[in-house]
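Raw contents of data-v8.json, JSON, C-alpha atoms and all ligand atoms:
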```json
[["chain", "number", "residue", "atom", "x", "y", "z"],
["Y", 1, "MET", "CA", 31.67, 20.30, -11.41],
["Y", 2, "SER", "CA", 34.95, 18.92, -10.09],
["Y", 3, "LEU", "CA", 35.10, 15.65, -8.20],
["Y", 4, "ILE", "CA", 35.92, 17.46, -4.97],
["Y", 5, "GLY", "CA", 32.98, 19.80, -5.54],
["Y", 6, "LEU", "CA", 30.72, 16.80, -6.10],
["Y", 7, "VAL", "CA", 31.88, 15.11, -2.90],
["Y", 8, "ARG", "CA", 31.36, 18.35, -0.99],
["Y", 9, "LEU", "CA", 27.84, 18.67, -2.44],
["Y", 10, "ILE", "CA", 27.00, 15.10, -1.43],
["Y", 11, "ARG", "CA", 28.28, 15.67, 2.11],
["Y", 12, "THR", "CA", 26.41, 18.92, 2.59],
["Y", 13, "THR", "CA", 23.13, 17.85, 0.97],
["Y", 14, "GLY", "CA", 22.43, 14.93, 3.31],
["Y", 15, "ARG", "CA", 19.43, 12.65, 2.92],
["Y", 16, "VAL", "CA", 16.74, 13.96, 0.56],
["Y", 17, "ALA", "CA", 14.30, 11.02, 0.58],
["Y", 18, "GLU", "CA", 11.05, 11.36, 2.49],
["Y", 19, "PRO", "CA", 11.10, 9.79, 5.94],
["Y", 20, "ALA", "CA", 10.01, 6.16, 5.94],
["Y", 21, "PRO", "CA", 6.40, 5.57, 7.06],
["Y", 22, "PRO", "CA", 5.74, 3.56, 10.25],
["Y", 23, "ARG", "CA", 6.50, -0.13, 10.04],
["Y", 24, "PRO", "CA", 3.45, -2.21, 9.00],
["Y", 25, "ASP", "CA", 2.12, -5.25, 10.82],
["Y", 26, "PRO", "CA", 3.32, -8.44, 9.15],
["Y", 27, "ALA", "CA", 0.87, -10.28, 6.91],
["Y", 28, "PRO", "CA", -0.99, -13.11, 8.71],
["Y", 29, "GLY", "CA", 1.12, -16.26, 8.51],
["Y", 30, "ARG", "CA", 4.23, -14.44, 7.29],
["Y", 31, "PRO", "CA", 7.16, -16.74, 8.18],
["Y", 32, "ALA", "CA", 9.54, -14.97, 10.57],
["Y", 33, "ALA", "CA", 12.46, -16.01, 8.35],
["Y", 34, "LEU", "CA", 11.18, -13.65, 5.64],
["Y", 35, "ALA", "CA", 11.30, -10.56, 7.87],
["Y", 36, "GLY", "CA", 13.75, -7.87, 6.89],
["Y", 37, "SER", "CA", 14.35, -8.57, 3.22],
["Y", 38, "VAL", "CA", 12.96, -10.80, 0.50],
["Y", 39, "GLN", "CA", 13.87, -11.71, -3.05],
["Y", 40, "VAL", "CA", 10.88, -11.59, -5.39],
["Y", 41, "ARG", "CA", 10.28, -13.62, -8.56],
["Y", 42, "HIS", "CA", 7.57, -12.08, -10.72],
["Y", 43, "VAL", "CA", 5.43, -14.37, -12.89],
["Y", 44, "ASP", "CA", 3.02, -13.02, -15.50],
["Y", 45, "ALA", "CA", 0.53, -15.87, -15.72],
["Y", 46, "GLY", "CA", -1.61, -14.24, -18.41],
["Y", 47, "SER", "CA", -2.13, -10.56, -17.72],
["Y", 48, "CYS", "CA", -2.98, -7.71, -20.08],
["Y", 49, "ASN", "CA", 0.34, -6.07, -19.06],
["Y", 50, "GLY", "CA", -1.41, -3.36, -17.07],
["Y", 51, "CYS", "CA", -0.29, -4.94, -13.81],
["Y", 52, "GLU", "CA", 3.26, -5.28, -15.16],
["Y", 53, "VAL", "CA", 3.47, -1.52, -15.66],
["Y", 54, "GLU", "CA", 2.50, -0.99, -12.03],
["Y", 55, "VAL", "CA", 4.89, -3.67, -10.75],
["Y", 56, "ALA", "CA", 7.70, -1.98, -12.72],
["Y", 57, "ALA", "CA", 6.73, 1.35, -11.11],
["Y", 58, "ALA", "CA", 6.66, -0.25, -7.64],
["Y", 59, "PHE", "CA", 10.30, -1.25, -8.09],
["Y", 60, "GLY", "CA", 11.28, 2.01, -9.80],
["Y", 61, "PRO", "CA", 12.95, 5.04, -8.23],
["Y", 62, "VAL", "CA", 9.73, 6.79, -7.11],
["Y", 63, "TYR", "CA", 7.97, 4.02, -5.16],
["Y", 64, "ASP", "CA", 11.23, 2.14, -4.54],
["Y", 65, "ALA", "CA", 10.18, -1.22, -3.06],
["Y", 66, "GLU", "CA", 13.87, -2.02, -2.53],
["Y", 67, "ARG", "CA", 13.93, 0.65, 0.13],
["Y", 68, "TYR", "CA", 11.72, -1.65, 2.19],
["Y", 69, "GLY", "CA", 13.74, -4.78, 1.55],
["Y", 70, "ALA", "CA", 12.02, -6.27, -1.52],
["Y", 71, "ARG", "CA", 14.19, -6.98, -4.55],
["Y", 72, "LEU", "CA", 13.35, -8.58, -7.91],
["Y", 73, "VAL", "CA", 15.37, -11.62, -8.92],
["Y", 74, "ALA", "CA", 15.43, -13.65, -12.12],
["Y", 75, "SER", "CA", 15.25, -17.17, -10.72],
["Y", 76, "PRO", "CA", 12.71, -18.82, -8.41],
["Y", 77, "ARG", "CA", 15.68, -20.68, -6.87],
["Y", 78, "HIS", "CA", 16.81, -17.34, -5.44],
["Y", 79, "ALA", "CA", 13.35, -16.14, -4.42],
["Y", 80, "ASP", "CA", 11.39, -15.99, -1.16],
["Y", 81, "VAL", "CA", 8.25, -14.54, -2.72],
["Y", 82, "VAL", "CA", 6.47, -15.38, -5.97],
["Y", 83, "LEU", "CA", 4.51, -12.35, -7.16],
["Y", 84, "VAL", "CA", 1.90, -13.37, -9.73],
["Y", 85, "THR", "CA", -0.02, -11.09, -12.07],
["Y", 86, "GLY", "CA", -2.89, -11.88, -14.42],
["Y", 87, "VAL", "CA", -5.34, -14.71, -14.75],
["Y", 88, "VAL", "CA", -3.71, -18.10, -15.10],
["Y", 89, "THR", "CA", -4.00, -19.27, -18.67],
["Y", 90, "HIS", "CA", -4.02, -22.97, -19.51],
["Y", 91, "ASN", "CA", -0.52, -22.58, -20.94],
["Y", 92, "MET", "CA", 0.81, -20.94, -17.78],
["Y", 93, "ALA", "CA", -0.79, -23.19, -15.15],
["Y", 94, "GLU", "CA", 1.99, -25.78, -15.17],
["Y", 95, "PRO", "CA", 4.87, -23.24, -15.44],
["Y", 96, "LEU", "CA", 3.36, -21.38, -12.46],
["Y", 97, "ARG", "CA", 3.15, -24.60, -10.43],
["Y", 98, "ARG", "CA", 6.75, -25.42, -11.30],
["Y", 99, "THR", "CA", 7.96, -21.92, -10.47],
["Y", 100, "VAL", "CA", 6.36, -22.04, -7.03],
["Y", 101, "ASP", "CA", 7.69, -25.59, -6.47],
["Y", 102, "ALA", "CA", 11.19, -24.37, -7.41],
["Y", 103, "THR", "CA", 11.10, -21.63, -4.78],
["Y", 104, "PRO", "CA", 12.69, -22.70, -1.50],
["Y", 105, "ARG", "CA", 10.63, -22.76, 1.71],
["Y", 106, "PRO", "CA", 9.65, -20.72, 3.59],
["Y", 107, "ARG", "CA", 8.06, -18.77, 0.76],
["Y", 108, "MET", "CA", 5.00, -16.67, 0.10],
["Y", 109, "VAL", "CA", 2.84, -16.29, -2.99],
["Y", 110, "VAL", "CA", 1.37, -12.83, -3.62],
["Y", 111, "ALA", "CA", -1.46, -12.48, -6.17],
["Y", 112, "VAL", "CA", -1.39, -8.95, -7.61],
["Y", 113, "GLY", "CA", -4.43, -7.49, -9.36],
["Y", 114, "ASP", "CA", -8.07, -8.46, -9.73],
["Y", 115, "CYS", "CA", -7.31, -10.98, -12.48],
["Y", 116, "ALA", "CA", -4.90, -12.82, -10.21],
["Y", 117, "ARG", "CA", -7.40, -12.69, -7.32],
["Y", 118, "ASP", "CA", -10.59, -13.80, -9.05],
["Y", 119, "CYS", "CA", -10.03, -13.66, -12.85],
["Y", 120, "GLY", "CA", -11.35, -10.06, -12.93],
["Y", 121, "ALA", "CA", -12.39, -8.90, -16.39],
["Y", 122, "PHE", "CA", -11.35, -12.24, -17.91],
["Y", 123, "ALA", "CA", -13.58, -14.50, -15.81],
["Y", 124, "GLY", "CA", -14.95, -17.28, -18.00],
["Y", 125, "ALA", "CA", -12.86, -16.27, -20.99],
["Y", 126, "HIS", "CA", -11.48, -18.79, -23.45],
["Y", 127, "GLY", "CA", -8.04, -20.01, -22.43],
["Y", 128, "VAL", "CA", -8.39, -19.12, -18.74],
["Y", 129, "ALA", "CA", -7.60, -21.92, -16.29],
["Y", 130, "GLY", "CA", -8.58, -19.85, -13.25],
["Y", 131, "ALA", "CA", -7.36, -17.39, -10.68],
["Y", 132, "VAL", "CA", -3.99, -17.87, -9.02],
["Y", 133, "HIS", "CA", -5.50, -19.60, -5.96],
["Y", 134, "ASP", "CA", -7.04, -22.20, -8.29],
["Y", 135, "VAL", "CA", -3.52, -23.30, -9.27],
["Y", 136, "VAL", "CA", -1.23, -22.63, -6.28],
["Y", 137, "ASP", "CA", -1.69, -21.63, -2.63],
["Y", 138, "VAL", "CA", -1.88, -17.85, -2.22],
["Y", 139, "ASP", "CA", -0.76, -16.06, 0.94],
["Y", 140, "LEU", "CA", -1.50, -12.43, 0.13],
["Y", 141, "GLU", "CA", -3.68, -10.61, -2.39],
["Y", 142, "VAL", "CA", -3.55, -7.08, -3.78],
["Y", 143, "ARG", "CA", -6.82, -5.62, -5.12],
["Y", 144, "GLY", "CA", -7.12, -3.34, -8.12],
["Y", 145, "CYS", "CA", -7.27, -3.30, -11.89],
["Y", 146, "PRO", "CA", -4.49, -2.53, -11.95],
["Y", 147, "PRO", "CA", -3.40, -1.99, -8.36],
["Y", 148, "GLU", "CA", -1.46, 1.19, -7.75],
["Y", 149, "PRO", "CA", 2.26, 0.83, -7.09],
["Y", 150, "ASP", "CA", 1.65, 2.04, -3.53],
["Y", 151, "ALA", "CA", -0.63, -0.96, -2.92],
["Y", 152, "ILE", "CA", 1.98, -3.37, -4.30],
["Y", 153, "VAL", "CA", 4.69, -1.82, -2.12],
["Y", 154, "ALA", "CA", 2.35, -1.94, 0.90],
["Y", 155, "ALA", "CA", 1.82, -5.70, 0.38],
["Y", 156, "LEU", "CA", 5.56, -6.33, 0.09],
["Y", 157, "ARG", "CA", 6.15, -4.27, 3.22],
["Y", 158, "GLN", "CA", 3.74, -6.61, 5.04],
["Y", 159, "VAL", "CA", 6.15, -9.40, 4.11],
["Y", 160, "THR", "CA", 9.40, -7.65, 5.04],
["Y", 161, "GLY", "CA", 7.87, -5.80, 8.01],
["Y", 162, "ARG", "CA", 9.81, -2.66, 7.05],
["Y", 201, "LIG", "S1", -6.09, -6.77, -13.10],
["Y", 201, "LIG", "FE1", -6.54, -5.29, -14.76],
["Y", 201, "LIG", "S2", -4.53, -4.46, -15.31],
["Y", 201, "LIG", "FE2", -4.13, -6.34, -14.15],
["Y", 201, "LIG", "S3", -3.96, -7.96, -15.71],
["Y", 201, "LIG", "FE3", -6.13, -7.88, -15.08],
["Y", 201, "LIG", "S4", -7.13, -6.52, -16.58],
["Y", 201, "LIG", "FE4", -4.90, -6.18, -16.71]]
```

Before anything else, please render the file you have as structure tokens.
Amino acid sequence: MSLIGLVRLIRTTGRVAEPAPPRPDPAPGRPAALAGSVQVRHVDAGSCNGCEVEVAAAFGPVYDAERYGARLVASPRHADVVLVTGVVTHNMAEPLRRTVDATPRPRMVVAVGDCARDCGAFAGAHGVAGAVHDVVDVDLEVRGCPPEPDAIVAALRQVTGR
């Protein structure tokens, strides 16, 4: 197809995405400064990688968390939200504390998955320091083992309000 044909196709096709769902209520305690868009630093504190697959899907082209204003970033210095998956292993307790400390305020910590919430299937296991709330303050939790991408996107939408 020629370039002109491609431009014509783009102009005549219009928007093909599904309409956005209604805006959600903000999460309790969500700082107003985080409304609209947030940068998200993901920390795997000791997961089985199941939650990582779902987080990747949440930010992929189908579930598209960016559409609602949530974007992954590589550094906690650039982040508004720390999204934590997995139990917290002894080796990851201090790095998790430092990551959250390095994130500027106002910030939110979101614990994703049953392991992050309450140690899930790994409760009492060797090497487990605890759930995420045992190590850092948690603002929002997402249930599931693993949670579906929809649930992860829904939690992030409660932060952005979009
Ligand atoms: S909640 Fe389930 S999928 Fe997620 S890290 Fe734990 S065991 Fe793995």

Selected residue, from Y:Leu96, Y:Cys48, Y:Leu140, Y:Val88, that lies nearest to ligand LIG 201 (chain Y) when counting all atoms listed in the file: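 Among Y:Leu96, Y:Cys48, Y:Leu140, Y:Val88, it is Y:Cys48 that comes nearest to ligand LIG 201 (chain Y).
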
Nearest to Pro106 in chain Y by atom-to-atom distance, counting all atoms listed in the file, from Y:Asp139, Y:Asp25, Y:Glu52, Y:Glu66: Y:Asp139

Pick from Y:Val53, Y:Val81, Y:Ala93, Y:Val153 nearest to ligand LIG 201 (chain Y), counting all atoms listed in the file: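 So, comparing all the options, the nearest one is Y:Val53.
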
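Nearest to Arg71 in chain Y of all the residues Y:Cys145, Y:Leu83, Y:Ala121, Y:Ala116 is Y:Leu83, based on all atoms listed in the file.
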
Listing only residues of chain Y within 8 Å of ligand LIG 201 (chain Y), what is the closest atom pair and its distance in Å (to one decimal) for each, using all atoms listed in the file, sorted by chain and residue number ascending, as a Markdown table?
```
| residue | atom | partner | partner_atom | distance |
| --- | --- | --- | --- | --- |
| Y:Gly46 | CA | Y:LIG201 | S3 | 7.2 |
| Y:Ser47 | CA | Y:LIG201 | S3 | 3.8 |
| Y:Cys48 | CA | Y:LIG201 | FE4 | 4.2 |
| Y:Asn49 | CA | Y:LIG201 | FE4 | 5.7 |
| Y:Gly50 | CA | Y:LIG201 | S2 | 3.7 |
| Y:Cys51 | CA | Y:LIG201 | FE2 | 4.1 |
| Y:Glu52 | CA | Y:LIG201 | FE2 | 7.5 |
| Y:Thr85 | CA | Y:LIG201 | S3 | 6.2 |
| Y:Gly86 | CA | Y:LIG201 | S3 | 4.3 |
| Y:Val87 | CA | Y:LIG201 | FE3 | 6.9 |
| Y:Val112 | CA | Y:LIG201 | S1 | 7.5 |
| Y:Gly113 | CA | Y:LIG201 | S1 | 4.2 |
| Y:Asp114 | CA | Y:LIG201 | S1 | 4.3 |
| Y:Cys115 | CA | Y:LIG201 | FE3 | 4.2 |
| Y:Ala116 | CA | Y:LIG201 | S1 | 6.8 |
| Y:Cys119 | CA | Y:LIG201 | FE3 | 7.3 |
| Y:Gly120 | CA | Y:LIG201 | FE3 | 6.1 |
| Y:Ala121 | CA | Y:LIG201 | S4 | 5.8 |
| Y:Phe122 | CA | Y:LIG201 | S4 | 7.2 |
| Y:Gly144 | CA | Y:LIG201 | S1 | 6.1 |
| Y:Cys145 | CA | Y:LIG201 | FE1 | 3.6 |
| Y:Pro146 | CA | Y:LIG201 | S2 | 3.9 |
| Y:Pro147 | CA | Y:LIG201 | S1 | 7.2 |
```

Nearest-residue call for Val142 in chain Y, choices Y:Met1, Y:Val84, Y:Ala102, Y:Val128, using all atoms listed in the file: Y:Val84

Residue contacts of range 74-77 of chain Y (10 Å, all atoms listed in the file) excluding same-chain residues fewer than 4 positions away, as a list of chain:residue names: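 The contact residues come out as Y:Gln39, Y:Val40, Y:Arg41, Y:His42, Y:Val43, Y:Val81, Y:Val82, Y:Arg98, Y:Thr99, Y:Val100, Y:Asp101, Y:Ala102, Y:Thr103, Y:Pro104.
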
CA of Ala33 in chain Y to CA of Ile152 in chain Y, straight-line distance in Å: 20.7 Å

Using all atoms of range 125-138 of chain Y that appear in the file, construct an axis-aligned enclosing box with 4 Å of padding on every side and provide its centre coordinates and edge lengths in Å, rounded to one decimal, as AutoDock Vina command-line options.
```
--center_x -7.0 --center_y -19.8 --center_z -12.8 --size_x 19.6 --size_y 15.0 --size_z 29.2
```

Surrounding residues of Ala32 in chain Y excluding itself and chain neighbours under 3 positions, 12 Å, all atoms listed in the file, as a PyMOL selection string: chain Y and resi 26-29+35-38+80+105-108+158-161

One-decimal distance in Å that lies between CA of Gly69 in chain Y and CA of Met92 in chain Y: 28.3 Å

Atom-to-atom span, CA of Gly124 in chain Y and CA of His90 in chain Y, Å: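 One can read the CA of Gly124 in chain Y to CA of His90 in chain Y distance as 12.4 Å.
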
Proximity to Val132 in chain Y - best of Y:Ala65, Y:Ala45, Y:Ala70, Y:Leu34, only C-alpha atoms: Y:Ala45

Closest contacts (range 56-138 of chain Y/range 13-18 of chain Y, max 12 Å, all atoms listed in the file) as JSON lines:
```
{"residue": "Y:Pro61", "atom": "CA", "partner": "Y:Ala17", "partner_atom": "CA", "distance": 10.7}
{"residue": "Y:Val62", "atom": "CA", "partner": "Y:Ala17", "partner_atom": "CA", "distance": 9.9}
{"residue": "Y:Tyr63", "atom": "CA", "partner": "Y:Glu18", "partner_atom": "CA", "distance": 11.0}
{"residue": "Y:Asp64", "atom": "CA", "partner": "Y:Ala17", "partner_atom": "CA", "distance": 10.7}
{"residue": "Y:Arg67", "atom": "CA", "partner": "Y:Ala17", "partner_atom": "CA", "distance": 10.4}
```
